[in-house]
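Coordinates as given in query.cif (mmCIF, C-alpha atoms):
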```
data_final
loop_
_atom_site.label_atom_id
_atom_site.label_comp_id
_atom_site.auth_asym_id
_atom_site.auth_seq_id
_atom_site.Cartn_x
_atom_site.Cartn_y
_atom_site.Cartn_z
CA MET A 1 10.41 15.30 -6.16
CA LYS A 2 9.39 18.79 -7.25
CA LYS A 3 12.08 18.59 -9.96
CA THR A 4 10.50 15.47 -11.45
CA GLY A 5 6.85 16.46 -11.40
CA VAL A 6 6.02 13.45 -9.22
CA LEU A 7 4.03 15.06 -6.45
CA GLY A 8 3.00 12.30 -4.06
CA VAL A 9 5.03 10.22 -1.62
CA GLU A 10 4.48 7.32 0.74
CA LEU A 11 7.18 7.49 3.40
CA ARG A 12 8.94 4.25 4.33
CA THR A 13 10.15 2.77 7.57
CA GLN A 14 13.89 2.44 8.16
CA HIS A 15 14.62 4.52 5.05
CA ALA A 16 16.35 7.85 4.62
CA HIS A 17 13.06 9.63 5.24
CA ALA A 18 13.73 9.34 9.01
CA VAL A 19 10.09 10.00 9.87
CA GLU A 20 9.48 7.60 12.73
CA THR A 21 7.45 7.46 15.94
CA ASN A 22 10.39 8.76 17.98
CA LEU A 23 9.75 12.25 16.59
CA SER A 24 8.62 14.79 19.17
CA ALA A 25 5.40 16.75 18.78
CA LEU A 26 7.42 19.72 17.53
CA GLN A 27 9.28 17.59 14.98
CA ARG A 28 6.01 16.10 13.75
CA ALA A 29 4.59 19.58 13.29
CA GLU A 30 7.70 20.55 11.34
CA VAL A 31 7.27 17.57 8.98
CA LYS A 32 3.61 18.51 8.48
CA GLN A 33 4.52 22.11 7.73
CA ARG A 34 7.29 21.11 5.33
CA PHE A 35 4.80 19.19 3.20
CA ALA A 36 2.22 21.96 3.51
CA ASP A 37 4.78 24.42 2.14
CA SER A 38 5.56 22.21 -0.88
CA PRO A 39 3.53 20.86 -3.83
CA VAL A 40 4.30 17.30 -2.68
CA THR A 41 1.48 15.40 -0.95
CA CYS A 42 2.41 13.09 1.90
CA LEU A 43 -0.02 10.21 1.47
CA GLY A 44 1.10 8.34 4.50
CA TYR A 45 3.52 5.77 5.69
CA GLY A 46 4.57 2.38 4.38
CA SER A 47 5.05 0.19 7.43
CA ASN A 48 6.04 -3.45 7.77
CA TYR A 49 3.36 -4.34 10.31
CA GLU A 50 1.84 -7.77 9.73
CA TYR A 51 -0.70 -9.91 11.58
CA HIS A 52 -0.17 -13.55 10.71
CA SER A 53 2.04 -14.68 13.61
CA PRO A 54 0.62 -17.49 15.76
CA ASP A 55 2.57 -15.97 18.68
CA PRO A 56 0.06 -13.76 20.52
CA ILE A 57 2.84 -11.52 21.85
CA LYS A 58 4.21 -10.82 18.37
CA LEU A 59 0.71 -10.26 17.06
CA ARG A 60 -0.05 -7.74 19.80
CA GLU A 61 3.27 -5.95 19.17
CA ASN A 62 2.32 -5.52 15.51
CA ILE A 63 -1.15 -4.26 16.33
CA GLU A 64 0.07 -1.76 18.91
CA GLY A 65 2.89 -0.64 16.62
CA THR A 66 0.34 -0.02 13.90
CA LYS A 67 -1.65 2.20 16.24
CA ALA A 68 1.44 4.25 17.09
CA TYR A 69 2.13 4.90 13.41
CA VAL A 70 -1.51 5.77 12.77
CA LYS A 71 -1.01 8.58 15.27
CA LEU A 72 2.20 9.60 13.49
CA CYS A 73 0.39 9.74 10.15
CA TYR A 74 -2.27 11.95 11.68
CA ASP A 75 0.30 14.25 13.24
CA ILE A 76 2.19 14.81 9.97
CA GLY A 77 -0.97 15.48 7.98
CA ALA A 78 -1.07 12.18 6.09
CA THR A 79 -4.14 10.11 5.27
CA GLY A 80 -3.21 6.50 5.90
CA LEU A 81 -0.84 3.73 6.89
CA LYS A 82 0.27 0.82 4.70
CA VAL A 83 0.33 -2.60 6.38
CA LYS A 84 0.33 -6.16 5.06
CA PRO A 85 -0.39 -9.79 5.63
CA ASN A 86 2.84 -11.62 4.99
CA THR A 87 2.31 -15.38 4.99
CA LEU A 88 0.17 -18.29 6.11
CA PRO A 89 2.32 -20.03 8.75
CA GLU A 90 2.85 -23.76 8.59
CA GLY A 91 1.22 -25.75 11.34
CA VAL A 92 -1.77 -23.42 11.59
CA SER A 93 -4.93 -23.85 9.58
CA LYS A 94 -5.32 -21.45 6.68
CA GLU A 95 -8.79 -20.50 7.90
CA LYS A 96 -7.56 -19.62 11.39
CA THR A 97 -4.79 -17.35 10.11
CA ILE A 98 -7.09 -15.64 7.63
CA ALA A 99 -9.60 -14.94 10.41
CA GLN A 100 -6.82 -13.61 12.67
CA ILE A 101 -5.50 -11.26 9.97
CA ALA A 102 -9.00 -9.96 9.23
CA ALA A 103 -9.74 -9.43 12.93
CA SER A 104 -6.47 -7.51 13.28
CA PHE A 105 -7.39 -5.31 10.31
CA ASN A 106 -10.73 -4.62 11.94
CA GLU A 107 -9.08 -3.63 15.23
CA VAL A 108 -6.53 -1.27 13.72
CA GLY A 109 -9.09 0.02 11.23
CA LYS A 110 -11.51 0.95 13.98
CA PHE A 111 -8.69 2.68 15.88
CA ALA A 112 -7.62 4.57 12.76
CA GLN A 113 -11.11 5.99 12.24
CA ASP A 114 -10.63 8.25 15.26
CA TYR A 115 -7.68 9.80 13.40
CA ASN A 116 -9.33 9.95 9.96
CA GLN A 117 -6.78 7.50 8.58
CA LEU A 118 -7.05 4.66 6.10
CA ILE A 119 -5.48 1.26 6.68
CA ARG A 120 -3.99 0.40 3.28
CA VAL A 121 -3.42 -3.34 2.97
CA GLU A 122 -0.69 -4.17 0.49
CA VAL A 123 -1.25 -7.39 -1.45
CA HIS A 124 1.92 -8.95 -0.11
CA GLY A 125 3.61 -12.03 1.25
CA HIS A 126 4.07 -15.73 0.61
CA LEU A 127 0.62 -17.19 -0.15
CA THR A 128 -1.19 -14.09 1.15
CA GLN A 129 -0.44 -12.17 -2.05
CA GLU A 130 -2.52 -14.65 -3.99
CA LEU A 131 -5.80 -12.90 -4.77
CA PRO A 132 -8.13 -15.67 -3.57
CA VAL A 133 -6.46 -15.43 -0.16
CA MET A 134 -6.78 -11.64 -0.09
CA LYS A 135 -10.45 -11.99 -1.00
CA ALA A 136 -10.96 -14.52 1.81
CA ILE A 137 -9.39 -12.05 4.25
CA PHE A 138 -11.46 -9.10 3.08
CA ASP A 139 -14.66 -11.14 3.13
CA GLN A 140 -14.21 -10.89 6.92
CA VAL A 141 -13.16 -7.22 7.08
CA THR A 142 -15.95 -5.02 8.40
CA GLU A 143 -14.27 -1.62 8.90
CA PRO A 144 -14.88 0.66 5.88
CA ASN A 145 -11.51 2.42 6.13
CA VAL A 146 -9.53 -0.81 5.60
CA LYS A 147 -8.65 -0.91 1.90
CA ILE A 148 -6.62 -3.00 -0.55
CA CYS A 149 -3.46 -1.61 -2.14
CA TRP A 150 -2.88 -3.50 -5.42
CA ASN A 151 0.79 -4.42 -5.62
CA CYS A 152 1.52 -5.71 -9.17
CA ASN A 153 2.76 -9.17 -8.18
CA ALA A 154 3.39 -12.07 -10.53
CA GLU A 155 0.64 -13.91 -8.62
CA ASP A 156 -1.90 -11.49 -10.11
CA LEU A 157 -1.56 -13.43 -13.34
CA LEU A 158 -2.32 -16.87 -11.90
CA PRO A 159 -5.49 -18.57 -13.19
CA PRO A 160 -8.11 -17.32 -13.81
CA GLY A 161 -5.91 -14.38 -14.92
CA LEU A 162 -5.35 -10.71 -14.25
CA GLU A 163 -8.80 -9.41 -15.16
CA ALA A 164 -10.71 -11.97 -13.09
CA ASN A 165 -8.38 -11.59 -10.12
CA PHE A 166 -8.64 -7.81 -10.35
CA HIS A 167 -12.42 -7.85 -10.38
CA SER A 168 -12.55 -10.29 -7.46
CA VAL A 169 -11.18 -7.68 -5.05
CA LYS A 170 -11.69 -4.30 -6.70
CA LYS A 171 -14.63 -3.34 -4.47
CA TRP A 172 -12.13 -3.04 -1.62
CA PHE A 173 -9.61 -0.86 -3.47
CA GLY A 174 -8.55 2.29 -1.68
CA ASP A 175 -6.57 5.24 -2.97
CA THR A 176 -3.13 3.69 -3.49
CA VAL A 177 -1.62 1.23 -5.97
CA HIS A 178 2.00 0.06 -6.09
CA VAL A 179 3.77 -0.43 -9.41
CA ARG A 180 7.37 -1.19 -10.40
CA GLU A 181 9.40 0.38 -13.20
CA PHE A 182 7.22 0.28 -16.30
CA ASN A 183 10.13 -0.66 -18.57
CA VAL A 184 11.47 -3.50 -16.41
CA GLY A 185 9.99 -6.99 -16.40
CA ASP A 186 6.92 -8.25 -18.21
CA TYR A 187 3.99 -7.27 -16.01
CA PRO A 188 1.03 -6.35 -18.30
CA TYR A 189 0.73 -2.70 -17.29
CA PRO A 190 -1.32 -1.68 -20.36
CA GLU A 191 -4.01 -4.19 -19.36
CA LEU A 192 -3.84 -3.12 -15.71
CA PHE A 193 -4.25 0.54 -16.58
CA ARG A 194 -7.20 -0.33 -18.81
CA LEU A 195 -8.86 -2.06 -15.85
CA PHE A 196 -8.27 0.94 -13.61
CA SER A 197 -9.62 3.25 -16.31
CA GLU A 198 -12.76 1.16 -16.67
CA MET A 199 -13.48 1.44 -12.94
CA ASN A 200 -12.73 5.19 -12.97
CA TYR A 201 -9.98 4.80 -10.39
CA GLU A 202 -9.09 8.20 -8.95
CA GLY A 203 -6.40 7.29 -6.44
CA TRP A 204 -2.61 7.38 -6.53
CA ILE A 205 -0.25 5.13 -8.50
CA LEU A 206 2.93 4.83 -6.44
CA LEU A 207 6.25 3.69 -7.90
CA GLU A 208 8.23 1.20 -5.81
CA ALA A 209 11.51 1.40 -7.69
CA ARG A 210 13.78 -1.63 -7.54
CA THR A 211 16.67 -0.39 -9.65
CA GLN A 212 19.50 1.96 -8.64
CA PRO A 213 19.87 4.48 -11.50
CA SER A 214 22.83 6.83 -11.37
CA ASP A 215 20.59 9.81 -12.18
CA ARG A 216 17.46 9.32 -10.11
CA ILE A 217 15.79 12.52 -11.25
CA ALA A 218 16.16 11.58 -14.92
CA ALA A 219 14.99 8.04 -14.20
CA LEU A 220 11.90 9.26 -12.36
CA LYS A 221 11.07 11.66 -15.18
CA GLU A 222 11.31 8.72 -17.59
CA GLN A 223 8.90 6.70 -15.46
CA LEU A 224 6.49 9.64 -15.36
CA SER A 225 6.56 9.80 -19.15
CA LEU A 226 5.83 6.08 -19.40
CA PHE A 227 3.05 6.48 -16.85
CA ASN A 228 1.43 9.23 -18.90
CA GLU A 229 1.57 7.02 -22.01
CA LEU A 230 -0.26 4.27 -20.12
CA VAL A 231 -2.88 6.67 -18.80
CA ASN A 232 -3.49 8.07 -22.27
CA GLN A 233 -3.35 4.77 -24.19
CA ASP A 234 -7.13 4.59 -24.73
CA ALA A 235 -7.18 8.12 -26.12
CA LYS A 236 -4.87 7.24 -29.00
#
```

Starting from the coordinates I provided, produce the structure as structure tokens.
Amino acid sequence: MKKTGVLGVELRTQHAHAVETNLSALQRAEVKQRFADSPVTCLGYGSNYEYHSPDPIKLRENIEGTKAYVKLCYDIGATGLKVKPNTLPEGVSKEKTIAQIAASFNEVGKFAQDYNQLIRVEVHGHLTQELPVMKAIFDQVTEPNVKICWNCNAEDLLPPGLEANFHSVKKWFGDTVHVREFNVGDYPYPELFRLFSEMNYEGWILLEARTQPSDRIAALKEQLSLFNELVNQDAK
């Protein structure tokens, strides 16, 4: 990443990063030192923990797994863990699942405070990535370190539109946003960046690449150039 000028990373589970909870204390210290010795900031970890299951055993497994990775993030010098709601299960009332997800966020958020970590909630999942649902969840979130990670989904554009949906949840934004390749698809990134500029957003914009370019360094440099154009669009 040093070669590209992209100097922040959110590690991912079951990826080549191989930073998982099975690391020993010594190995965790080595990961922390490796980042400290480089210009690259380790923001945290992108987990797949979710809290919608009506099965209390599965729900508890996800909550306890979250806590284990919060400790990992602390040990490697990171600042937060990405989690997500992932659906509203059939056969369970929408209101009950929303309350369960929010209560889970509050539990893991309170735990994470002891480790100075954020719980970064990705706008994700069937039905749950619709902004009115995310707002309903966060209306019940009480822990101040539980934050929304905007995810650039097609659902962002559903009525009443991107700007209204953005403003409906922006008070809960944290320090991470997920984007895709700026030159793939038709997501209105210029409008999104305008909205972030207007709120003086100072967090990270993280690229979740979906393509498989043959030259990844060149491709990432291209995305950085496109990013800079979007950031500077109002100055032109």

Applied to this file, what does the PyMOL selection byres ((chain A and resi 142) around 12) return in terms of residues, put as a ChimeraX atom specification? /A:99,102-110,137-141,143-147,172

Dump of C-alpha atoms for the selected residues, as a compact mmCIF listing (two decimals), in the frame of the given file:
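After the write, again31.txt holds the following:
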```
# COMPACT_ATOMS: atom_id res chain seq x y z
CA ALA A 99 -9.60 -14.94 10.41
CA ALA A 102 -9.00 -9.96 9.23
CA ALA A 103 -9.74 -9.43 12.93
CA SER A 104 -6.47 -7.51 13.28
CA PHE A 105 -7.39 -5.31 10.31
CA ASN A 106 -10.73 -4.62 11.94
CA GLU A 107 -9.08 -3.63 15.23
CA VAL A 108 -6.53 -1.27 13.72
CA GLY A 109 -9.09 0.02 11.23
CA LYS A 110 -11.51 0.95 13.98
CA ILE A 137 -9.39 -12.05 4.25
CA PHE A 138 -11.46 -9.10 3.08
CA ASP A 139 -14.66 -11.14 3.13
CA GLN A 140 -14.21 -10.89 6.92
CA VAL A 141 -13.16 -7.22 7.08
CA GLU A 143 -14.27 -1.62 8.90
CA PRO A 144 -14.88 0.66 5.88
CA ASN A 145 -11.51 2.42 6.13
CA VAL A 146 -9.53 -0.81 5.60
CA LYS A 147 -8.65 -0.91 1.90
CA TRP A 172 -12.13 -3.04 -1.62
```

Given the PyMOL selection byres ((chain A and resi 29-32) around 12), the residues it picks as number ranges by chain: A: 11, 17-20, 23-28, 33-38, 40-44, 72-79

Once the PyMOL selection byres ((chain A and resi 127-136) around 12) has been evaluated on this model, what residues remain selected, and can you format them as a VMD selection string? chain A and resid 50 to 52 84 to 90 94 to 102 121 to 126 137 to 141 147 to 173

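Taking CA of Glu181 in chain A as the reference point, CA of Ile205 in chain A is found at 11.7 Å.
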
Could you check which of A:Ser93, A:Ser53, A:Gln113, A:Thr176 is closest to Val9 in chain A, using only C-alpha atoms? A:Thr176

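Put simply, CA of Gly174 in chain A is 7.0 Å away from CA of Arg120 in chain A.
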
Residue nearest Phe193 in chain A among A:Val177, A:Leu230, A:Val6, A:Leu207 (counting all atoms listed in the file):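 Ranked by minimum distance to Phe193 in chain A, first place goes to A:Leu230.
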
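Going from CA of Ser47 in chain A to CA of Trp204 in chain A covers 17.5 Å.
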
Could you check the closest approach to Tyr69 in chain A for each of A:Ile119, A:Ala209, A:Val92, A:Ala219 and tell me which residue wins, using all atoms listed in the file?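 Of the candidates, the smallest distance to Tyr69 in chain A is held by A:Ile119.
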
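Near Arg180 in chain A, within 10 Å and counting only C-alpha atoms, sit Asn151, Cys152, Asn153, His178, Phe182, Asn183, Val184, Gly185, Tyr187, Tyr189, Leu206, Leu207, Glu208, Ala209, Arg210, Thr211 and Gln223 of chain A; same-chain residues fewer than 2 positions away were not included.
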
Specify the axis-aligned box that encloses all atoms of range 163-167 of chain A listed in the file after padding of 4 Å on each side, stating its centre and edge lengths in Å to one decimal as JSON.
```
{"center_x": -10.4, "center_y": -9.9, "center_z": -12.6, "size_x": 12.0, "size_y": 12.2, "size_z": 13.0}
```

With N, CA, C and O atoms as the goal, would you fill in the gaps in range 127-151 of chain A and present it as a PDB file, in the frame of the given file?
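Generated file (rebuild.pdb):
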```pdb
ATOM      1  N   LEU A 127       1.984 -16.671  -0.175  1.00  0.00           N
ATOM      2  CA  LEU A 127       0.620 -17.190  -0.150  1.00  0.00           C
ATOM      3  C   LEU A 127      -0.432 -16.090   0.021  1.00  0.00           C
ATOM      4  O   LEU A 127      -1.461 -16.097  -0.651  1.00  0.00           O
ATOM      5  N   THR A 128      -0.183 -15.124   0.911  1.00  0.00           N
ATOM      6  CA  THR A 128      -1.190 -14.090   1.150  1.00  0.00           C
ATOM      7  C   THR A 128      -1.306 -13.099  -0.005  1.00  0.00           C
ATOM      8  O   THR A 128      -2.288 -12.362  -0.081  1.00  0.00           O
ATOM      9  N   GLN A 129      -0.310 -13.066  -0.907  1.00  0.00           N
ATOM     10  CA  GLN A 129      -0.440 -12.170  -2.050  1.00  0.00           C
ATOM     11  C   GLN A 129      -1.194 -12.817  -3.213  1.00  0.00           C
ATOM     12  O   GLN A 129      -1.390 -12.181  -4.248  1.00  0.00           O
ATOM     13  N   GLU A 130      -1.640 -14.033  -3.013  1.00  0.00           N
ATOM     14  CA  GLU A 130      -2.520 -14.650  -3.990  1.00  0.00           C
ATOM     15  C   GLU A 130      -3.917 -14.071  -3.803  1.00  0.00           C
ATOM     16  O   GLU A 130      -4.437 -14.004  -2.688  1.00  0.00           O
ATOM     17  N   LEU A 131      -4.547 -13.652  -4.877  1.00  0.00           N
ATOM     18  CA  LEU A 131      -5.800 -12.900  -4.770  1.00  0.00           C
ATOM     19  C   LEU A 131      -6.936 -13.662  -4.118  1.00  0.00           C
ATOM     20  O   LEU A 131      -7.731 -13.060  -3.374  1.00  0.00           O
ATOM     21  N   PRO A 132      -7.078 -14.975  -4.304  1.00  0.00           N
ATOM     22  CA  PRO A 132      -8.130 -15.670  -3.570  1.00  0.00           C
ATOM     23  C   PRO A 132      -7.948 -15.593  -2.044  1.00  0.00           C
ATOM     24  O   PRO A 132      -8.937 -15.548  -1.302  1.00  0.00           O
ATOM     25  N   VAL A 133      -6.707 -15.561  -1.597  1.00  0.00           N
ATOM     26  CA  VAL A 133      -6.460 -15.430  -0.160  1.00  0.00           C
ATOM     27  C   VAL A 133      -6.816 -14.023   0.314  1.00  0.00           C
ATOM     28  O   VAL A 133      -7.452 -13.839   1.362  1.00  0.00           O
ATOM     29  N   MET A 134      -6.416 -13.009  -0.459  1.00  0.00           N
ATOM     30  CA  MET A 134      -6.780 -11.640  -0.090  1.00  0.00           C
ATOM     31  C   MET A 134      -8.291 -11.475  -0.064  1.00  0.00           C
ATOM     32  O   MET A 134      -8.836 -10.819   0.837  1.00  0.00           O
ATOM     33  N   LYS A 135      -8.986 -12.073  -1.002  1.00  0.00           N
ATOM     34  CA  LYS A 135     -10.450 -11.990  -1.000  1.00  0.00           C
ATOM     35  C   LYS A 135     -11.024 -12.664   0.247  1.00  0.00           C
ATOM     36  O   LYS A 135     -11.954 -12.127   0.879  1.00  0.00           O
ATOM     37  N   ALA A 136     -10.469 -13.819   0.618  1.00  0.00           N
ATOM     38  CA  ALA A 136     -10.960 -14.520   1.810  1.00  0.00           C
ATOM     39  C   ALA A 136     -10.756 -13.677   3.064  1.00  0.00           C
ATOM     40  O   ALA A 136     -11.604 -13.678   3.967  1.00  0.00           O
ATOM     41  N   ILE A 137      -9.642 -12.943   3.118  1.00  0.00           N
ATOM     42  CA  ILE A 137      -9.390 -12.050   4.250  1.00  0.00           C
ATOM     43  C   ILE A 137     -10.417 -10.931   4.260  1.00  0.00           C
ATOM     44  O   ILE A 137     -11.079 -10.663   5.273  1.00  0.00           O
ATOM     45  N   PHE A 138     -10.588 -10.270   3.127  1.00  0.00           N
ATOM     46  CA  PHE A 138     -11.460  -9.100   3.080  1.00  0.00           C
ATOM     47  C   PHE A 138     -12.943  -9.463   3.160  1.00  0.00           C
ATOM     48  O   PHE A 138     -13.769  -8.606   3.513  1.00  0.00           O
ATOM     49  N   ASP A 139     -13.286 -10.700   2.898  1.00  0.00           N
ATOM     50  CA  ASP A 139     -14.660 -11.140   3.130  1.00  0.00           C
ATOM     51  C   ASP A 139     -15.019 -11.036   4.620  1.00  0.00           C
ATOM     52  O   ASP A 139     -16.205 -11.002   4.969  1.00  0.00           O
ATOM     53  N   GLN A 140     -13.981 -10.984   5.479  1.00  0.00           N
ATOM     54  CA  GLN A 140     -14.210 -10.890   6.920  1.00  0.00           C
ATOM     55  C   GLN A 140     -13.854  -9.510   7.491  1.00  0.00           C
ATOM     56  O   GLN A 140     -13.906  -9.303   8.696  1.00  0.00           O
ATOM     57  N   VAL A 141     -13.470  -8.584   6.630  1.00  0.00           N
ATOM     58  CA  VAL A 141     -13.160  -7.220   7.080  1.00  0.00           C
ATOM     59  C   VAL A 141     -14.448  -6.408   7.102  1.00  0.00           C
ATOM     60  O   VAL A 141     -15.191  -6.374   6.121  1.00  0.00           O
ATOM     61  N   THR A 142     -14.705  -5.776   8.223  1.00  0.00           N
ATOM     62  CA  THR A 142     -15.950  -5.020   8.400  1.00  0.00           C
ATOM     63  C   THR A 142     -15.737  -3.516   8.464  1.00  0.00           C
ATOM     64  O   THR A 142     -16.688  -2.761   8.279  1.00  0.00           O
ATOM     65  N   GLU A 143     -14.514  -3.063   8.737  1.00  0.00           N
ATOM     66  CA  GLU A 143     -14.270  -1.620   8.900  1.00  0.00           C
ATOM     67  C   GLU A 143     -14.110  -0.969   7.523  1.00  0.00           C
ATOM     68  O   GLU A 143     -13.279  -1.398   6.713  1.00  0.00           O
ATOM     69  N   PRO A 144     -14.865   0.077   7.233  1.00  0.00           N
ATOM     70  CA  PRO A 144     -14.880   0.660   5.880  1.00  0.00           C
ATOM     71  C   PRO A 144     -13.613   1.394   5.488  1.00  0.00           C
ATOM     72  O   PRO A 144     -13.403   1.669   4.307  1.00  0.00           O
ATOM     73  N   ASN A 145     -12.753   1.709   6.453  1.00  0.00           N
ATOM     74  CA  ASN A 145     -11.510   2.420   6.130  1.00  0.00           C
ATOM     75  C   ASN A 145     -10.330   1.478   5.934  1.00  0.00           C
ATOM     76  O   ASN A 145      -9.187   1.929   5.808  1.00  0.00           O
ATOM     77  N   VAL A 146     -10.568   0.178   5.903  1.00  0.00           N
ATOM     78  CA  VAL A 146      -9.530  -0.810   5.600  1.00  0.00           C
ATOM     79  C   VAL A 146      -9.639  -1.144   4.112  1.00  0.00           C
ATOM     80  O   VAL A 146     -10.664  -1.666   3.658  1.00  0.00           O
ATOM     81  N   LYS A 147      -8.590  -0.819   3.349  1.00  0.00           N
ATOM     82  CA  LYS A 147      -8.650  -0.910   1.900  1.00  0.00           C
ATOM     83  C   LYS A 147      -7.481  -1.715   1.336  1.00  0.00           C
ATOM     84  O   LYS A 147      -6.420  -1.810   1.960  1.00  0.00           O
ATOM     85  N   ILE A 148      -7.672  -2.251   0.145  1.00  0.00           N
ATOM     86  CA  ILE A 148      -6.620  -3.000  -0.550  1.00  0.00           C
ATOM     87  C   ILE A 148      -5.746  -2.059  -1.360  1.00  0.00           C
ATOM     88  O   ILE A 148      -6.239  -1.175  -2.056  1.00  0.00           O
ATOM     89  N   CYS A 149      -4.431  -2.275  -1.276  1.00  0.00           N
ATOM     90  CA  CYS A 149      -3.460  -1.610  -2.140  1.00  0.00           C
ATOM     91  C   CYS A 149      -2.918  -2.652  -3.117  1.00  0.00           C
ATOM     92  O   CYS A 149      -2.134  -3.528  -2.728  1.00  0.00           O
ATOM     93  N   TRP A 150      -3.370  -2.582  -4.371  1.00  0.00           N
ATOM     94  CA  TRP A 150      -2.880  -3.500  -5.420  1.00  0.00           C
ATOM     95  C   TRP A 150      -1.378  -3.351  -5.553  1.00  0.00           C
ATOM     96  O   TRP A 150      -0.849  -2.243  -5.503  1.00  0.00           O
ATOM     97  N   ASN A 151      -0.664  -4.465  -5.749  1.00  0.00           N
ATOM     98  CA  ASN A 151       0.790  -4.420  -5.620  1.00  0.00           C
ATOM     99  C   ASN A 151       1.556  -4.924  -6.839  1.00  0.00           C
ATOM    100  O   ASN A 151       2.782  -4.992  -6.821  1.00  0.00           O
TER     101      ASN A 151
END
```
